[in-house]
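A quick write-up on the structure given underneath.
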Amino acid sequence: MRRSAASRKPAKALAKPSYFPPENVLERAMPPALVGQQEFENYHFRNFDLTQSSLAGRRFSECLFENCNLAGTSLADTALQNVAFEGCKLLGLPFHACRDMLFDVHFDRCQLDYALFSGKSMPNTRFVECSLRGADFTRTNLSGALFQECRLAEAVFSQTNLTGADLTTAQELVLDPEQNELKNTRFALHTLPGLLTKYGIVVV
């Protein structure tokens, strides 16, 4: 008997991209021959400054951005298909504007303050040692996600699916258990005050 979509097991997390042909490893700036290119597969971008630029409509698949600054970059209709960001500045980045199809991202040691993820489906996403101050996760599917040593001050969780997510090492977390889906979500004792804020309960 066919199982309903709701009863199926969540897909496993994709492995971060790790293979890049030597000619696809780019440093600091796009070669003139690639400036107008719309699709990038197995590319490694290092030390790029893309501040206030536009990646609108482009497709990135199996790519890595390392030590790049994308603050203020436009992502309207951008496809991010298994794309990793390491040591990047992604301040206020509107990930919610990306294409939904095959959207899959990884974040390590990134500045994601005030980034927008509202409405995105991001099961099993890994956030490792990231700053996520004021990030918006309203109505985001973060089932099975990992927030490892992440700072979450003022991050917005509302109608967020955190089923099976791991927040045991998250810092400065505040969320309303009644407004989010928390089945099998993992918390550490030190995060308990952030779950009881609305009740005015003091944990000592």
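By order in the structure tokens, chains are A, B, ...; within a chain, residues start at 1; ligands start at 1, following the order shown.
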
- Task: Could you pull out the residues in stretch 31-126 of chain A that DSSP calls strand (DSSP E) from the backbone, as number ranges by chain?
- Result: A: 39-41, 44-46, 59-66, 79-86, 104-108, 126

Could you give me, as a tab-separated table, every stretch 90-186 of chain A residue with an atom at most 7 Å from stretch 75-81 of chain A, plus its closest atom pair and distance in Å to one decimal, counting only C-alpha atoms, rows ordered by chain then number?
residue	atom	partner	partner_atom	distance
A:Pro94	CA	A:Leu75	CA	6.4
A:Phe95	CA	A:Leu75	CA	6.7
A:Ala97	CA	A:Ala76	CA	5.0
A:Cys98	CA	A:Thr78	CA	4.8
A:Arg99	CA	A:Asp77	CA	5.1
A:Leu102	CA	A:Gln81	CA	5.4
A:Phe103	CA	A:Gln81	CA	5.1
A:Asp104	CA	A:Gln81	CA	5.2
A:Val105	CA	A:Leu80	CA	6.9

- Task: Show which residues sit within 10 Å of stretch 135-150 of chain A, as a ChimeraX atom specification. Count only C-alpha atoms, and ignore same-chain residues fewer than 4 positions away.
- Result: /A:10-13,91-94,96,107-110,112-131,154-173,180-186

Write the residues of the preceding selection, restricted to C-alpha atoms, as a compact mmCIF listing (two decimals), in the first residue's frame.
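Printed below is out_2.txt as written:
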# COMPACT_ATOMS: atom_id res chain seq x y z
CA PRO A 10 12.35 12.51 5.48
CA ALA A 11 15.03 12.46 2.82
CA LYS A 12 18.59 12.07 4.03
CA ALA A 13 20.79 15.14 4.08
CA LEU A 91 24.02 39.42 6.40
CA GLY A 92 20.32 39.95 5.68
CA LEU A 93 20.42 37.60 2.70
CA PRO A 94 16.90 36.88 1.34
CA HIS A 96 13.29 33.05 0.96
CA PHE A 107 26.46 26.73 6.50
CA ASP A 108 29.75 26.60 8.41
CA ARG A 109 31.13 29.55 10.39
CA CYS A 110 28.93 32.04 8.57
CA LEU A 112 23.78 35.01 8.87
CA ASP A 113 22.40 37.82 10.99
CA TYR A 114 18.93 38.93 9.83
CA ALA A 115 18.91 36.42 6.98
CA LEU A 116 15.43 35.51 5.72
CA PHE A 117 14.43 31.85 5.46
CA SER A 118 10.68 32.29 5.92
CA GLY A 119 8.57 29.67 4.17
CA LYS A 120 11.50 27.59 2.92
CA SER A 121 11.69 23.79 3.16
CA MET A 122 15.10 23.03 4.70
CA PRO A 123 14.99 19.60 6.33
CA ASN A 124 18.33 18.34 7.69
CA THR A 125 20.09 21.67 7.08
CA ARG A 126 23.32 22.06 9.06
CA PHE A 127 24.21 25.36 10.70
CA VAL A 128 27.65 25.01 12.32
CA GLU A 129 29.20 27.80 14.42
CA CYS A 130 27.06 30.46 12.76
CA SER A 131 25.72 33.79 13.97
CA GLU A 154 16.40 37.53 18.45
CA ALA A 155 15.97 34.81 15.82
CA VAL A 156 12.30 34.42 14.87
CA PHE A 157 10.69 30.98 15.16
CA SER A 158 6.96 31.07 14.40
CA GLN A 159 4.96 28.16 12.98
CA THR A 160 8.36 26.57 12.40
CA ASN A 161 8.73 22.82 11.99
CA LEU A 162 11.60 21.80 14.26
CA THR A 163 10.66 18.12 14.47
CA GLY A 164 13.77 16.12 15.29
CA ALA A 165 16.02 19.19 15.13
CA ASP A 166 19.12 19.39 17.34
CA LEU A 167 19.45 22.61 19.36
CA THR A 168 21.44 21.17 22.25
CA THR A 169 24.41 23.52 21.72
CA ALA A 170 22.42 26.54 20.48
CA GLN A 171 22.97 29.79 22.37
CA GLU A 172 20.58 32.67 23.22
CA LEU A 173 17.58 30.70 21.96
CA ASN A 180 6.19 25.75 16.81
CA GLU A 181 6.33 22.03 16.07
CA LEU A 182 8.82 20.50 18.50
CA LYS A 183 8.25 16.75 18.43
CA ASN A 184 11.52 14.97 19.29
CA THR A 185 13.40 18.28 19.15
CA ARG A 186 16.57 18.14 21.23

- Item | Among listed residues A:Ala29, A:Ala56, A:Ala71, A:Val174, nearest A:Gln111 (using only C-alpha atoms) |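 Selected residue with least distance to A:Gln111: A:Ala71.
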
- Please measure the separation of atom CA of A:Gly134 and atom CA of A:Leu90, giving the value in Å to one decimal.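 Interatomic distance, atom CA of A:Gly134 to atom CA of A:Leu90: 12.7 Å.
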
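Here atom CA of A:Pro21 is placed at a distance of 28.2 Å from atom CA of A:Gln52.
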
- Among stretch 4-184 of chain A, which residues carry a DSSP assignment of helix (DSSP H, G or I), reported as a PyMOL selection string? chain A and resi 5-7+22-24+32-34+95-97+177-179

Generate a file of the selected residues that holds N, CA, C and O atoms, formatted as a tab-separated table (two decimals), in the first residue's frame.
chain	number	residue	atom	x	y	z
A	5	ALA	N	2.40	11.17	1.64
A	5	ALA	CA	3.62	11.97	1.72
A	5	ALA	C	3.95	12.31	3.15
A	5	ALA	O	5.12	12.39	3.54
A	6	ALA	N	2.92	12.50	3.99
A	6	ALA	CA	3.16	12.89	5.38
A	6	ALA	C	3.80	11.78	6.18
A	6	ALA	O	4.50	12.01	7.15
A	7	SER	N	3.58	10.49	5.76
A	7	SER	CA	4.10	9.37	6.53
A	7	SER	C	5.45	8.90	6.04
A	7	SER	O	6.07	8.05	6.67
A	22	PRO	N	39.83	21.70	-11.41
A	22	PRO	CA	40.75	22.83	-11.19
A	22	PRO	C	40.33	24.11	-11.90
A	22	PRO	O	40.48	25.21	-11.36
A	23	GLU	N	39.80	23.98	-13.11
A	23	GLU	CA	39.41	25.18	-13.85
A	23	GLU	C	38.16	25.83	-13.27
A	23	GLU	O	37.82	26.97	-13.64
A	24	ASN	N	37.48	25.14	-12.35
A	24	ASN	CA	36.27	25.69	-11.73
A	24	ASN	C	36.54	26.26	-10.34
A	24	ASN	O	35.60	26.63	-9.64
A	32	PRO	N	36.26	37.07	-17.19
A	32	PRO	CA	35.38	37.74	-18.16
A	32	PRO	C	34.52	36.76	-18.96
A	32	PRO	O	33.36	37.05	-19.26
A	33	ALA	N	35.06	35.59	-19.27
A	33	ALA	CA	34.33	34.62	-20.09
A	33	ALA	C	33.11	34.06	-19.36
A	33	ALA	O	32.20	33.52	-19.99
A	34	LEU	N	33.07	34.19	-18.02
A	34	LEU	CA	31.98	33.61	-17.23
A	34	LEU	C	30.99	34.66	-16.71
A	34	LEU	O	30.00	34.30	-16.08
A	95	PHE	N	17.17	34.46	1.48
A	95	PHE	CA	17.10	33.10	0.97
A	95	PHE	C	15.66	32.70	0.63
A	95	PHE	O	15.44	31.81	-0.18
A	96	HIS	N	14.69	33.38	1.24
A	96	HIS	CA	13.29	33.05	0.96
A	96	HIS	C	12.91	33.36	-0.48
A	96	HIS	O	11.91	32.85	-0.98
A	97	ALA	N	13.72	34.17	-1.17
A	97	ALA	CA	13.43	34.53	-2.56
A	97	ALA	C	13.99	33.51	-3.55
A	97	ALA	O	13.72	33.60	-4.75
A	177	PRO	N	7.01	27.33	22.59
A	177	PRO	CA	6.68	25.93	22.29
A	177	PRO	C	5.27	25.76	21.74
A	177	PRO	O	5.00	24.78	21.03
A	178	GLU	N	4.38	26.69	22.03
A	178	GLU	CA	3.01	26.57	21.55
A	178	GLU	C	2.85	27.03	20.11
A	178	GLU	O	1.83	26.75	19.48
A	179	GLN	N	3.83	27.74	19.59
A	179	GLN	CA	3.73	28.28	18.23
A	179	GLN	C	4.62	27.56	17.23
A	179	GLN	O	4.72	27.97	16.07

- atom CA of A:Asn47 and atom CA of A:Leu14 are how many Å apart? 24.5 Å
